[in-house]
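Shown next: query_15.pdb, containing PDB, C-alpha atoms (C1' of nucleotides).
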```pdb
ATOM      1  CA  MET A 982       0.000   0.000   0.000
ATOM      2  CA  THR A 983       2.872   2.400   0.795
ATOM      3  CA  ALA A 984       0.783   5.490   1.358
ATOM      4  CA  PRO A 985       2.521   8.820   0.893
ATOM      5  CA  PRO A 986       3.504  10.815   4.012
ATOM      6  CA  ALA A 987      -0.193  11.704   4.263
ATOM      7  CA  ALA A 988      -0.200  14.393   6.892
ATOM      8  CA  GLY A 989      -0.962  12.982  10.311
ATOM      9  CA  GLY A 990      -1.194   9.379   9.209
ATOM     10  CA  ARG A 991      -4.681   8.085   9.763
ATOM     11  CA  THR A 992      -4.786   5.155   7.455
ATOM     12  CA  LEU A 993      -7.783   3.192   6.319
ATOM     13  CA  ALA A 994      -7.843  -0.542   5.686
ATOM     14  CA  HIS A 995      -8.271  -1.480   2.056
ATOM     15  CA  PRO A 996      -8.455  -5.044   0.747
ATOM     16  CA  ALA A 997      -5.510  -6.156  -1.359
ATOM     17  CA  PRO A 998      -6.401  -6.749  -5.018
ATOM     18  CA  GLU A 999      -6.278 -10.512  -4.571
ATOM     19  CA  ASP A1000      -8.761 -10.240  -1.725
ATOM     20  CA  ILE A1001     -11.407  -8.438  -3.739
ATOM     21  CA  ARG A1002     -14.350 -10.768  -4.273
ATOM     22  CA  LEU A1003     -16.812 -10.415  -7.102
ATOM     23  CA  GLU A1004     -19.776 -11.130  -4.833
ATOM     24  CA  ASP A1005     -18.792  -8.274  -2.538
ATOM     25  CA  VAL A1006     -18.411  -5.902  -5.453
ATOM     26  CA  LEU A1007     -21.828  -6.828  -6.797
ATOM     27  CA  HIS A1008     -23.402  -6.496  -3.392
ATOM     28  CA  ALA A1009     -21.811  -3.082  -2.928
ATOM     29  CA  LEU A1010     -23.208  -1.918  -6.254
ATOM     30  CA  SER A1011     -26.681  -3.383  -5.723
ATOM     31  CA  ASP A1012     -27.629  -0.399  -3.589
ATOM     32  CA  PRO A1013     -28.940   2.560  -5.627
ATOM     33  CA  LEU A1014     -27.199   5.077  -3.425
ATOM     34  CA  ARG A1015     -23.831   3.355  -3.677
ATOM     35  CA  LEU A1016     -24.217   2.798  -7.397
ATOM     36  CA  GLY A1017     -24.836   6.508  -7.738
ATOM     37  CA  ILE A1018     -21.697   7.318  -5.803
ATOM     38  CA  VAL A1019     -19.629   5.073  -8.033
ATOM     39  CA  ARG A1020     -21.132   6.618 -11.135
ATOM     40  CA  ASP A1021     -20.202  10.058  -9.863
ATOM     41  CA  LEU A1022     -16.670   8.934  -9.122
ATOM     42  CA  ALA A1023     -16.366   7.490 -12.612
ATOM     43  CA  GLY A1024     -17.467  10.831 -14.006
ATOM     44  CA  GLY A1025     -13.893  11.789 -14.596
ATOM     45  CA  ARG A1026     -13.508  14.461 -11.946
ATOM     46  CA  GLY A1027     -10.994  12.361 -10.064
ATOM     47  CA  GLU A1028     -11.133  12.339  -6.322
ATOM     48  CA  LEU A1029     -14.059  13.724  -4.403
ATOM     49  CA  ALA A1030     -14.647  14.368  -0.721
ATOM     50  CA  CYS A1031     -17.501  12.602   1.051
ATOM     51  CA  SER A1032     -19.235  15.935   1.476
ATOM     52  CA  ASP A1033     -19.176  16.575  -2.273
ATOM     53  CA  PHE A1034     -21.957  14.062  -2.786
ATOM     54  CA  ASP A1035     -25.559  15.064  -2.574
ATOM     55  CA  VAL A1036     -27.211  12.035  -1.047
ATOM     56  CA  PRO A1037     -30.606  11.995   0.661
ATOM     57  CA  VAL A1038     -29.363  10.458   3.902
ATOM     58  CA  THR A1039     -27.588  11.651   7.011
ATOM     59  CA  LYS A1040     -23.829  11.771   7.391
ATOM     60  CA  SER A1041     -23.796   8.673   9.531
ATOM     61  CA  THR A1042     -25.435   6.718   6.765
ATOM     62  CA  THR A1043     -23.157   8.232   4.164
ATOM     63  CA  THR A1044     -20.138   7.118   6.148
ATOM     64  CA  HIS A1045     -21.578   3.620   6.262
ATOM     65  CA  HIS A1046     -22.049   3.410   2.494
ATOM     66  CA  PHE A1047     -18.552   4.675   1.768
ATOM     67  CA  ARG A1048     -17.152   2.064   4.095
ATOM     68  CA  VAL A1049     -19.060  -0.702   2.331
ATOM     69  CA  LEU A1050     -17.621   0.451  -0.982
ATOM     70  CA  ARG A1051     -14.111   0.639   0.439
ATOM     71  CA  GLU A1052     -14.234  -2.753   2.123
ATOM     72  CA  ALA A1053     -15.513  -4.331  -1.072
ATOM     73  CA  GLY A1054     -12.506  -2.906  -2.903
ATOM     74  CA  VAL A1055     -14.481  -0.602  -5.158
ATOM     75  CA  ILE A1056     -13.125   2.721  -3.936
ATOM     76  CA  ARG A1057      -9.944   4.016  -2.346
ATOM     77  CA  GLN A1058     -10.133   6.467   0.536
ATOM     78  CA  VAL A1059      -7.403   8.779   1.765
ATOM     79  CA  TYR A1060      -7.437  11.441   4.423
ATOM     80  CA  ARG A1061      -6.465  14.909   3.325
ATOM     81  CA  GLY A1062      -6.773  17.415   6.082
ATOM     82  CA  THR A1063     -10.223  17.186   7.558
ATOM     83  CA  ALA A1064     -11.595  15.824   4.331
ATOM     84  CA  LYS A1065     -11.560  12.250   3.120
ATOM     85  CA  MET A1066     -10.945  11.907  -0.572
ATOM     86  CA  ASN A1067     -12.574   9.102  -2.529
ATOM     87  CA  GLY A1068     -11.360   7.563  -5.746
ATOM     88  CA  LEU A1069     -12.427   4.630  -7.847
ATOM     89  CA  ARG A1070     -10.056   1.638  -7.853
ATOM     90  CA  ARG A1071     -10.387   1.359 -11.568
ATOM     91  CA  ASP A1072      -6.893   0.000 -12.137
ATOM     92  CA  ASP A1073      -7.305  -2.855  -9.682
ATOM     93  CA  LEU A1074     -10.818  -3.704 -10.808
ATOM     94  CA  ASP A1075      -9.869  -3.689 -14.476
ATOM     95  CA  ALA A1076      -6.950  -5.986 -13.770
ATOM     96  CA  LEU A1077      -9.108  -8.405 -11.823
ATOM     97  CA  PHE A1078     -12.260  -8.303 -13.936
ATOM     98  CA  PRO A1079     -11.512  -6.832 -17.377
ATOM     99  CA  GLY A1080     -14.423  -4.953 -18.834
ATOM    100  CA  LEU A1081     -16.707  -5.489 -15.881
ATOM    101  CA  LEU A1082     -16.653  -1.966 -14.488
ATOM    102  CA  ASP A1083     -17.297  -0.409 -17.880
ATOM    103  CA  SER A1084     -20.184  -2.778 -18.526
ATOM    104  CA  LEU A1085     -21.696  -1.941 -15.183
ATOM    105  CA  LEU A1086     -21.353   1.790 -15.692
ATOM    106  CA  ALA A1087     -22.795   1.524 -19.183
ATOM    107  CA  ALA A1088     -25.707  -0.530 -17.867
ATOM    108  CA  ALA A1089     -26.405   2.028 -15.162
ATOM    109  CA  ALA A1090     -26.296   4.881 -17.656
ATOM    110  CA  ARG A1091     -28.565   3.023 -20.018
ATOM    111  CA  GLN A1092     -31.089   2.329 -17.313
ATOM    112  CA  GLU A1093     -31.190   5.954 -16.234
ATOM    113  CA  GLU A1094     -31.695   7.032 -19.797
ATOM    114  CA  ARG A1095     -34.519   4.565 -20.239
ATOM    115  CA  ARG A1096     -36.152   5.819 -17.086
ATOM    116  CA  ALA A1097     -35.923   9.431 -18.182
ATOM    117  CA  HIS A1098     -37.598   8.629 -21.489
ATOM    118  CA  ASP A1099     -40.600   7.184 -19.699
TER     119      ASP A1099
ATOM    120  CA  MET B 311     -57.310 -17.113  -2.146
ATOM    121  CA  THR B 312     -59.570 -17.469  -5.158
ATOM    122  CA  ALA B 313     -59.026 -20.440  -7.385
ATOM    123  CA  PRO B 314     -56.027 -19.835  -9.621
ATOM    124  CA  PRO B 315     -56.709 -20.343 -13.324
ATOM    125  CA  ALA B 316     -53.828 -22.749 -13.440
ATOM    126  CA  ALA B 317     -55.649 -25.495 -15.282
ATOM    127  CA  GLY B 318     -53.421 -27.410 -17.661
ATOM    128  CA  GLY B 319     -50.320 -25.368 -16.884
ATOM    129  CA  ARG B 320     -49.226 -23.419 -13.864
ATOM    130  CA  THR B 321     -47.787 -20.128 -14.890
ATOM    131  CA  LEU B 322     -45.185 -18.108 -13.038
ATOM    132  CA  ALA B 323     -44.920 -14.346 -12.842
ATOM    133  CA  HIS B 324     -41.917 -12.902 -14.656
ATOM    134  CA  PRO B 325     -41.030  -9.220 -14.833
ATOM    135  CA  ALA B 326     -41.377  -7.620 -18.255
ATOM    136  CA  PRO B 327     -38.064  -6.586 -19.802
ATOM    137  CA  GLU B 328     -38.716  -2.915 -19.093
ATOM    138  CA  ASP B 329     -39.287  -3.748 -15.427
ATOM    139  CA  ILE B 330     -35.923  -5.412 -14.919
ATOM    140  CA  ARG B 331     -33.769  -3.227 -12.696
ATOM    141  CA  LEU B 332     -30.005  -3.338 -12.650
ATOM    142  CA  GLU B 333     -29.883  -3.131  -8.853
ATOM    143  CA  ASP B 334     -32.078  -6.196  -8.560
ATOM    144  CA  VAL B 335     -29.953  -8.123 -11.011
ATOM    145  CA  LEU B 336     -26.782  -7.245  -9.130
ATOM    146  CA  HIS B 337     -28.345  -8.145  -5.826
ATOM    147  CA  ALA B 338     -29.507 -11.472  -7.215
ATOM    148  CA  LEU B 339     -25.999 -12.256  -8.424
ATOM    149  CA  SER B 340     -24.265 -11.111  -5.246
ATOM    150  CA  ASP B 341     -25.102 -14.418  -3.567
ATOM    151  CA  PRO B 342     -22.510 -17.125  -4.285
ATOM    152  CA  LEU B 343     -25.148 -19.801  -4.560
ATOM    153  CA  ARG B 344     -27.236 -17.875  -7.057
ATOM    154  CA  LEU B 345     -24.181 -16.829  -9.018
ATOM    155  CA  GLY B 346     -23.269 -20.494  -9.288
ATOM    156  CA  ILE B 347     -26.724 -21.361 -10.557
ATOM    157  CA  VAL B 348     -26.493 -18.690 -13.237
ATOM    158  CA  ARG B 349     -23.061 -19.898 -14.263
ATOM    159  CA  ASP B 350     -24.399 -23.416 -14.641
ATOM    160  CA  LEU B 351     -27.303 -22.170 -16.725
ATOM    161  CA  ALA B 352     -24.923 -20.249 -18.943
ATOM    162  CA  GLY B 353     -22.935 -23.444 -19.441
ATOM    163  CA  GLY B 354     -24.699 -24.060 -22.688
ATOM    164  CA  ARG B 355     -26.843 -27.016 -21.723
ATOM    165  CA  GLY B 356     -29.984 -24.974 -22.132
ATOM    166  CA  GLU B 357     -32.766 -25.572 -19.661
ATOM    167  CA  LEU B 358     -32.231 -27.376 -16.403
ATOM    168  CA  ALA B 359     -34.632 -28.558 -13.720
ATOM    169  CA  CYS B 360     -34.266 -27.229 -10.188
ATOM    170  CA  SER B 361     -33.269 -30.690  -9.032
ATOM    171  CA  ASP B 362     -30.385 -30.801 -11.523
ATOM    172  CA  PHE B 363     -28.383 -28.437  -9.369
ATOM    173  CA  ASP B 364     -26.178 -29.671  -6.590
ATOM    174  CA  VAL B 365     -26.502 -26.998  -3.964
ATOM    175  CA  PRO B 366     -25.636 -27.385  -0.275
ATOM    176  CA  VAL B 367     -29.026 -26.235   1.015
ATOM    177  CA  THR B 368     -32.452 -27.732   1.444
ATOM    178  CA  LYS B 369     -35.144 -27.710  -1.216
ATOM    179  CA  SER B 370     -37.034 -24.929   0.512
ATOM    180  CA  THR B 371     -34.018 -22.708   0.305
ATOM    181  CA  THR B 372     -33.352 -23.724  -3.279
ATOM    182  CA  THR B 373     -36.887 -22.700  -4.208
ATOM    183  CA  HIS B 374     -36.280 -19.357  -2.547
ATOM    184  CA  HIS B 375     -33.092 -18.669  -4.509
ATOM    185  CA  PHE B 376     -34.684 -19.595  -7.814
ATOM    186  CA  ARG B 377     -37.533 -17.258  -7.071
ATOM    187  CA  VAL B 378     -35.156 -14.392  -6.340
ATOM    188  CA  LEU B 379     -33.476 -14.981  -9.681
ATOM    189  CA  ARG B 380     -36.793 -15.143 -11.508
ATOM    190  CA  GLU B 381     -38.219 -12.031  -9.872
ATOM    191  CA  ALA B 382     -35.061 -10.102 -10.689
ATOM    192  CA  GLY B 383     -35.510 -11.074 -14.334
ATOM    193  CA  VAL B 384     -32.361 -13.159 -14.557
ATOM    194  CA  ILE B 385     -33.948 -16.529 -15.304
ATOM    195  CA  ARG B 386     -37.110 -17.821 -16.914
ATOM    196  CA  GLN B 387     -39.009 -20.668 -15.300
ATOM    197  CA  VAL B 388     -41.552 -22.961 -16.938
ATOM    198  CA  TYR B 389     -43.359 -25.990 -15.606
ATOM    199  CA  ARG B 390     -42.907 -29.190 -17.522
ATOM    200  CA  GLY B 391     -44.669 -32.065 -15.880
ATOM    201  CA  THR B 392     -43.559 -32.288 -12.283
ATOM    202  CA  ALA B 393     -40.317 -30.552 -13.084
ATOM    203  CA  LYS B 394     -39.667 -26.844 -13.375
ATOM    204  CA  MET B 395     -37.280 -25.944 -16.133
ATOM    205  CA  ASN B 396     -34.923 -22.996 -15.733
ATOM    206  CA  GLY B 397     -33.364 -20.956 -18.484
ATOM    207  CA  LEU B 398     -31.258 -17.817 -18.572
ATOM    208  CA  ARG B 399     -33.005 -14.716 -19.979
ATOM    209  CA  ARG B 400     -29.962 -13.936 -22.043
ATOM    210  CA  ASP B 401     -31.879 -12.299 -24.874
ATOM    211  CA  ASP B 402     -33.675  -9.845 -22.599
ATOM    212  CA  LEU B 403     -30.608  -9.079 -20.522
ATOM    213  CA  ASP B 404     -28.418  -8.521 -23.559
ATOM    214  CA  ALA B 405     -30.997  -6.165 -25.014
ATOM    215  CA  LEU B 406     -31.244  -4.176 -21.794
ATOM    216  CA  PHE B 407     -27.599  -4.195 -20.754
ATOM    217  CA  PRO B 408     -25.370  -5.123 -23.685
ATOM    218  CA  GLY B 409     -22.253  -6.964 -22.655
ATOM    219  CA  LEU B 410     -23.071  -7.003 -18.979
ATOM    220  CA  LEU B 411     -23.931 -10.665 -18.642
ATOM    221  CA  ASP B 412     -20.835 -11.774 -20.495
ATOM    222  CA  SER B 413     -18.638  -9.532 -18.378
ATOM    223  CA  LEU B 414     -20.163 -10.919 -15.226
ATOM    224  CA  LEU B 415     -19.747 -14.508 -16.321
ATOM    225  CA  ALA B 416     -16.176 -13.852 -17.392
ATOM    226  CA  ALA B 417     -15.449 -12.204 -14.060
ATOM    227  CA  ALA B 418     -16.899 -15.151 -12.178
ATOM    228  CA  ALA B 419     -14.890 -17.613 -14.233
ATOM    229  CA  ARG B 420     -11.732 -15.594 -13.720
ATOM    230  CA  GLN B 421     -12.230 -15.453  -9.983
ATOM    231  CA  GLU B 422     -12.761 -19.190  -9.736
ATOM    232  CA  GLU B 423      -9.639 -19.810 -11.758
ATOM    233  CA  ARG B 424      -7.624 -17.509  -9.565
ATOM    234  CA  ARG B 425      -8.901 -19.289  -6.495
ATOM    235  CA  ALA B 426      -7.968 -22.680  -7.865
ATOM    236  CA  HIS B 427      -4.414 -21.542  -8.606
ATOM    237  CA  ASP B 428      -3.924 -20.506  -5.003
TER     238      ASP B 428
ATOM    239  C1'  DC C 906     -57.300 -44.571  -7.394
ATOM    240  C1'  DT C 907     -52.680 -44.759  -5.259
ATOM    241  C1'  DC C 908     -48.264 -43.476  -5.108
ATOM    242  C1'  DA C 909     -43.689 -41.344  -5.802
ATOM    243  C1'  DT C 910     -41.563 -37.210  -7.538
ATOM    244  C1'  DT C 911     -41.104 -32.387  -7.741
ATOM    245  C1'  DC C 912     -41.837 -28.245  -6.283
ATOM    246  C1'  DT C 913     -44.502 -24.655  -3.140
ATOM    247  C1'  DA C 914     -46.490 -22.202   0.877
ATOM    248  C1'  DC C 915     -46.269 -20.975   5.422
ATOM    249  C1'  DG C 916     -44.256 -19.989   9.618
ATOM    250  C1'  DA C 917     -40.252 -19.235  12.430
ATOM    251  C1'  DA C 918     -35.562 -18.211  13.926
ATOM    252  C1'  DG C 919     -31.156 -15.961  13.404
ATOM    253  C1'  DG C 920     -28.467 -12.756  11.231
ATOM    254  C1'  DA C 921     -27.424  -8.953   8.179
ATOM    255  C1'  DC C 922     -28.468  -4.341   6.491
ATOM    256  C1'  DA C 923     -29.929   0.683   6.193
ATOM    257  C1'  DT C 924     -31.055   4.328   8.803
ATOM    258  C1'  DC C 925     -30.735   7.569  12.386
ATOM    259  C1'  DG C 926     -29.208  10.457  16.651
ATOM    260  C1'  DT C 927     -25.749  11.648  19.741
ATOM    261  C1'  DA C 928     -21.300  12.048  21.294
ATOM    262  C1'  DG C 929     -16.506  12.142  20.118
ATOM    263  C1'  DT C 930     -11.944  12.526  17.311
ATOM    264  C1'  DT C 931      -8.893  14.667  14.042
ATOM    265  C1'  DT C 932      -7.371  18.530  11.548
ATOM    266  C1'  DG C 933      -6.430  23.245  10.260
ATOM    267  C1'  DA C 934      -7.325  28.178  11.131
ATOM    268  C1'  DC C 935      -7.626  32.127  14.262
TER     269       DC C 935
ATOM    270  C1'  DG D1272      -5.664  27.498  23.319
ATOM    271  C1'  DT D1273     -10.150  27.795  21.053
ATOM    272  C1'  DC D1274     -13.127  26.915  17.552
ATOM    273  C1'  DA D1275     -15.467  25.172  13.347
ATOM    274  C1'  DA D1276     -15.508  21.606   9.775
ATOM    275  C1'  DA D1277     -15.365  16.852   8.393
ATOM    276  C1'  DC D1278     -15.814  12.534   9.479
ATOM    277  C1'  DT D1279     -16.329   8.361  12.895
ATOM    278  C1'  DA D1280     -17.971   5.281  16.626
ATOM    279  C1'  DC D1281     -21.571   3.541  19.136
ATOM    280  C1'  DG D1282     -26.030   2.157  20.189
ATOM    281  C1'  DA D1283     -30.773   1.508  18.699
ATOM    282  C1'  DT D1284     -34.476   0.343  15.551
ATOM    283  C1'  DG D1285     -37.045  -1.511  11.920
ATOM    284  C1'  DT D1286     -36.695  -4.111   7.779
ATOM    285  C1'  DC D1287     -35.105  -7.496   4.763
ATOM    286  C1'  DC D1288     -32.540 -11.939   3.822
ATOM    287  C1'  DT D1289     -31.210 -16.726   4.445
ATOM    288  C1'  DT D1290     -32.223 -20.820   6.269
ATOM    289  C1'  DC D1291     -34.913 -24.489   7.800
ATOM    290  C1'  DG D1292     -38.968 -27.817   8.870
ATOM    291  C1'  DT D1293     -43.374 -29.344   7.951
ATOM    292  C1'  DA D1294     -47.311 -29.789   5.408
ATOM    293  C1'  DG D1295     -49.483 -29.630   0.975
ATOM    294  C1'  DA D1296     -50.511 -29.265  -4.202
ATOM    295  C1'  DA D1297     -49.642 -30.688  -9.291
ATOM    296  C1'  DT D1298     -48.162 -34.119 -12.359
ATOM    297  C1'  DG D1299     -47.365 -38.627 -14.422
ATOM    298  C1'  DA D1300     -46.965 -43.730 -13.835
ATOM    299  C1'  DG D1301     -48.764 -48.100 -12.265
TER     300       DG D1301
END
```
So that I can check it, write out the structure of this file as structure tokens.
Amino acid sequence: MTAPPAAGGRTLAHPAPEDIRLEDVLHALSDPLRLGIVRDLAGGRGELACSDFDVPVTKSTTTHHFRVLREAGVIRQVYRGTAKMNGLRRDDLDALFPGLLDSLLAAAARQEERRAHD
Amino acid sequence: MTAPPAAGGRTLAHPAPEDIRLEDVLHALSDPLRLGIVRDLAGGRGELACSDFDVPVTKSTTTHHFRVLREAGVIRQVYRGTAKMNGLRRDDLDALFPGLLDSLLAAAARQEERRAHD
DNA sequence: CTCATTCTACGAAGGACATCGTAGTTTGAC
DNA sequence: GTCAAACTACGATGTCCTTCGTAGAATGAG
């Protein structure tokens, strides 16, 4: 993991790539709120703080969902001052399951489009 | 309840293609047992009866898992005598989410291979 | 009709999950 | 040091999920 000096040094436990299980990834993404978070992260804007997301739940619940995503190996979280930055583990996921993440994101986009056209 | 019109053929409720939701599909596949069932169905042998699967749970539980898969729109179930035949809804899923099913199956196969090489 | 096979329905128990409120920790700024 | 901002930990609650056992219905064969 070799995190950079990361001011202060609170570190968060992330699963190693070989410990990422497909079932956990699918379960993490089966929640609409978490799927939305992942879609936002894949939007190209790089890392985002937890507070940058506009979710309809309290902060406690938000924390919970981010932890589920992190423990499933879907996102990477790093402290940066008082904020916690979130990034997609696209490299690891693509290496483990080639094409899966893109298919999932495309499916989610397609479904949203279909719903809007209704 | 009132007498079901199931004379000469019990029919089972399946979601219409436009009612299949990605979250439900992912949730259905996030269970190792159900993922295994889907992998078997994708194995090319076409339709299989519920009793053709060798799962480590009782029949009650097996019925439950098949129902979850059917209600999520992943499989199609049809009565045939005393047996209930199960088939993957590959056509519908491919139309809704192109490439998703193949990516998922490939990911599952890859994970199993990696586990065997350990 | 009787019977075995196959699957279902119902109820129950145990655990997991999503949600919240409150209290607390860490960090950076004043 | 004091304070606000961001996030976490803990406990609680209600809901859903998985599992099972038992009893029962539909079908086809004898």
Query raised in the report: Any idea which chain A residues end up within 10 Å of chain B if we count all atoms listed in the file, as a VMD selection string please?
Result: chain A and resid 999 1001 to 1013 1016 1077 to 1092 1095 to 1096
**Report entry** Distance in Å - atom CA of His375 of chain B versus atom CA of Arg1015 of chain A
**Finding:**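 Result for atom CA of His375 of chain B versus atom CA of Arg1015 of chain A: 23.9 Å, one decimal.
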**Report entry** Counting all atoms listed in the file, chain B residues within 10 Å of chain C, as a ChimeraX atom specification
**Finding:** /B:359-361,369-370,373-374,389,391-394
Query raised in the report: Ala1023 of chain A: which residues within 9 Å, counting only C-alpha atoms (C1' of nucleotides), same-chain residues fewer than 2 positions away excluded, as number ranges by chain?
Result: A: 1018-1021, 1025-1027, 1068-1069, 1071, 1086
Query - Point-to-point distance in Å for atom CA of Thr321 of chain B and atom CA of Leu358 of chain B - result: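 Interatomic distance, atom CA of Leu358 of chain B to atom CA of Thr321 of chain B: 17.2 Å.
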Output chain B, superimposed onto chain A using in-order Cα pairs, as a tab-separated table (two decimals) with C-alpha atoms, in the frame of the given file:
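As a result, selection_28.tsv now contains:
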```tsv
chain	number	residue	atom	x	y	z
B	311	MET	CA	-4.85	0.99	20.28
B	312	THR	CA	-1.19	1.73	19.71
B	313	ALA	CA	-0.31	5.01	18.12
B	314	PRO	CA	-0.92	4.83	14.39
B	315	PRO	CA	2.05	5.87	12.26
B	316	ALA	CA	-0.16	8.34	10.51
B	317	ALA	CA	2.19	11.28	10.79
B	318	GLY	CA	2.03	13.59	7.80
B	319	GLY	CA	-0.59	11.54	5.97
B	320	ARG	CA	-3.28	9.20	7.14
B	321	THR	CA	-3.36	6.14	5.00
B	322	LEU	CA	-6.35	3.94	4.29
B	323	ALA	CA	-6.37	0.20	3.77
B	324	HIS	CA	-7.20	-0.88	0.23
B	325	PRO	CA	-7.43	-4.47	-0.98
B	326	ALA	CA	-4.71	-5.55	-3.40
B	327	PRO	CA	-5.99	-6.25	-6.91
B	328	GLU	CA	-5.70	-10.00	-6.42
B	329	ASP	CA	-7.84	-9.74	-3.30
B	330	ILE	CA	-10.78	-8.07	-5.02
B	331	ARG	CA	-13.68	-10.50	-5.18
B	332	LEU	CA	-16.46	-10.30	-7.71
B	333	GLU	CA	-19.11	-11.06	-5.10
B	334	ASP	CA	-17.97	-8.14	-2.99
B	335	VAL	CA	-18.00	-5.81	-5.96
B	336	LEU	CA	-21.52	-6.87	-6.89
B	337	HIS	CA	-22.70	-6.52	-3.34
B	338	ALA	CA	-21.19	-3.05	-3.11
B	339	LEU	CA	-22.98	-2.00	-6.28
B	340	SER	CA	-26.31	-3.56	-5.34
B	341	ASP	CA	-27.12	-0.56	-3.14
B	342	PRO	CA	-28.74	2.29	-5.08
B	343	LEU	CA	-26.85	4.91	-3.13
B	344	ARG	CA	-23.47	3.32	-3.74
B	345	LEU	CA	-24.28	2.66	-7.37
B	346	GLY	CA	-25.06	6.35	-7.72
B	347	ILE	CA	-21.75	7.30	-6.16
B	348	VAL	CA	-19.88	5.06	-8.58
B	349	ARG	CA	-21.78	6.51	-11.51
B	350	ASP	CA	-20.83	10.00	-10.42
B	351	LEU	CA	-17.20	9.00	-10.08
B	352	ALA	CA	-17.26	7.50	-13.55
B	353	GLY	CA	-18.63	10.79	-14.86
B	354	GLY	CA	-15.19	11.83	-15.90
B	355	ARG	CA	-14.53	14.55	-13.37
B	356	GLY	CA	-11.80	12.50	-11.77
B	357	GLU	CA	-11.50	12.65	-8.01
B	358	LEU	CA	-14.25	13.96	-5.81
B	359	ALA	CA	-14.43	14.66	-2.09
B	360	CYS	CA	-16.99	12.83	0.02
B	361	SER	CA	-18.79	16.11	0.61
B	362	ASP	CA	-19.20	16.67	-3.14
B	363	PHE	CA	-21.93	14.07	-3.27
B	364	ASP	CA	-25.53	14.94	-2.62
B	365	VAL	CA	-26.86	11.89	-0.86
B	366	PRO	CA	-30.03	11.75	1.24
B	367	VAL	CA	-28.35	10.33	4.34
B	368	THR	CA	-26.27	11.65	7.19
B	369	LYS	CA	-22.49	11.95	7.12
B	370	SER	CA	-22.07	8.89	9.30
B	371	THR	CA	-23.94	6.81	6.80
B	372	THR	CA	-22.07	8.36	3.91
B	373	THR	CA	-18.78	7.39	5.53
B	374	HIS	CA	-20.08	3.86	5.88
B	375	HIS	CA	-21.01	3.56	2.20
B	376	PHE	CA	-17.67	4.92	1.04
B	377	ARG	CA	-15.91	2.42	3.22
B	378	VAL	CA	-17.91	-0.45	1.75
B	379	LEU	CA	-16.91	0.67	-1.72
B	380	ARG	CA	-13.26	1.01	-0.74
B	381	GLU	CA	-13.08	-2.35	1.02
B	382	ALA	CA	-14.67	-4.04	-1.98
B	383	GLY	CA	-11.94	-2.55	-4.16
B	384	VAL	CA	-14.25	-0.37	-6.21
B	385	ILE	CA	-12.86	3.03	-5.23
B	386	ARG	CA	-9.57	4.46	-4.06
B	387	GLN	CA	-9.52	6.98	-1.24
B	388	VAL	CA	-6.74	9.42	-0.38
B	389	TYR	CA	-6.58	12.16	2.20
B	390	ARG	CA	-5.87	15.62	0.93
B	391	GLY	CA	-5.94	18.17	3.68
B	392	THR	CA	-9.21	17.89	5.53
B	393	ALA	CA	-10.88	16.38	2.51
B	394	LYS	CA	-10.86	12.78	1.38
B	395	MET	CA	-10.64	12.36	-2.34
B	396	ASN	CA	-12.39	9.46	-4.05
B	397	GLY	CA	-11.49	7.89	-7.35
B	398	LEU	CA	-12.70	4.86	-9.26
B	399	ARG	CA	-10.22	1.96	-9.46
B	400	ARG	CA	-10.97	1.58	-13.13
B	401	ASP	CA	-7.51	0.33	-14.06
B	402	ASP	CA	-7.55	-2.48	-11.51
B	403	LEU	CA	-11.13	-3.47	-12.21
B	404	ASP	CA	-10.62	-3.50	-15.96
B	405	ALA	CA	-7.56	-5.69	-15.54
B	406	LEU	CA	-9.40	-8.14	-13.32
B	407	PHE	CA	-12.77	-8.17	-15.06
B	408	PRO	CA	-12.47	-6.76	-18.57
B	409	GLY	CA	-15.59	-5.00	-19.74
B	410	LEU	CA	-17.50	-5.54	-16.53
B	411	LEU	CA	-17.41	-1.99	-15.24
B	412	ASP	CA	-18.49	-0.53	-18.54
B	413	SER	CA	-21.35	-3.00	-18.81
B	414	LEU	CA	-22.49	-2.14	-15.33
B	415	LEU	CA	-22.35	1.58	-15.94
B	416	ALA	CA	-24.16	1.19	-19.24
B	417	ALA	CA	-26.83	-0.91	-17.56
B	418	ALA	CA	-27.29	1.68	-14.84
B	419	ALA	CA	-27.56	4.47	-17.38
B	420	ARG	CA	-30.04	2.49	-19.43
B	421	GLN	CA	-32.21	1.78	-16.42
B	422	GLU	CA	-32.30	5.42	-15.41
B	423	GLU	CA	-33.25	6.42	-18.92
B	424	ARG	CA	-36.02	3.88	-19.02
B	425	ARG	CA	-37.32	5.14	-15.71
B	426	ALA	CA	-37.35	8.73	-16.90
B	427	HIS	CA	-39.34	7.81	-20.01
B	428	ASP	CA	-42.06	6.26	-17.89
```
Report task. To one decimal in Å, tell me the separation between atom CA of Asp1035 of chain A and atom C1' of DA1275 of chain D. Result -> 21.4 Å
Applying the PyMOL selection byres ((chain D) within 12 of (chain A)) to the file I just gave you, which residues come out? Please list them as an mmCIF file with C-alpha atoms (C1' of nucleotides), keeping the file's coordinate frame.
```cif
data_model
loop_
_atom_site.group_PDB
_atom_site.id
_atom_site.type_symbol
_atom_site.label_atom_id
_atom_site.label_comp_id
_atom_site.auth_asym_id
_atom_site.auth_seq_id
_atom_site.Cartn_x
_atom_site.Cartn_y
_atom_site.Cartn_z
ATOM 1 C "C1'" DA D 1275 -15.467 25.172 13.347
ATOM 2 C "C1'" DA D 1276 -15.508 21.606 9.775
ATOM 3 C "C1'" DA D 1277 -15.365 16.852 8.393
ATOM 4 C "C1'" DC D 1278 -15.814 12.534 9.479
ATOM 5 C "C1'" DT D 1279 -16.329 8.361 12.895
ATOM 6 C "C1'" DA D 1280 -17.971 5.281 16.626
ATOM 7 C "C1'" DC D 1281 -21.571 3.541 19.136
#
```
Requested in this report: Convert the output of the PyMOL selection byres ((chain D and resi 1283-1296) around 7) on the shown file into explicit residues, formatted as a PyMOL selection string.
Outcome: (chain B and resi 371) or (chain D and resi 1282+1297)
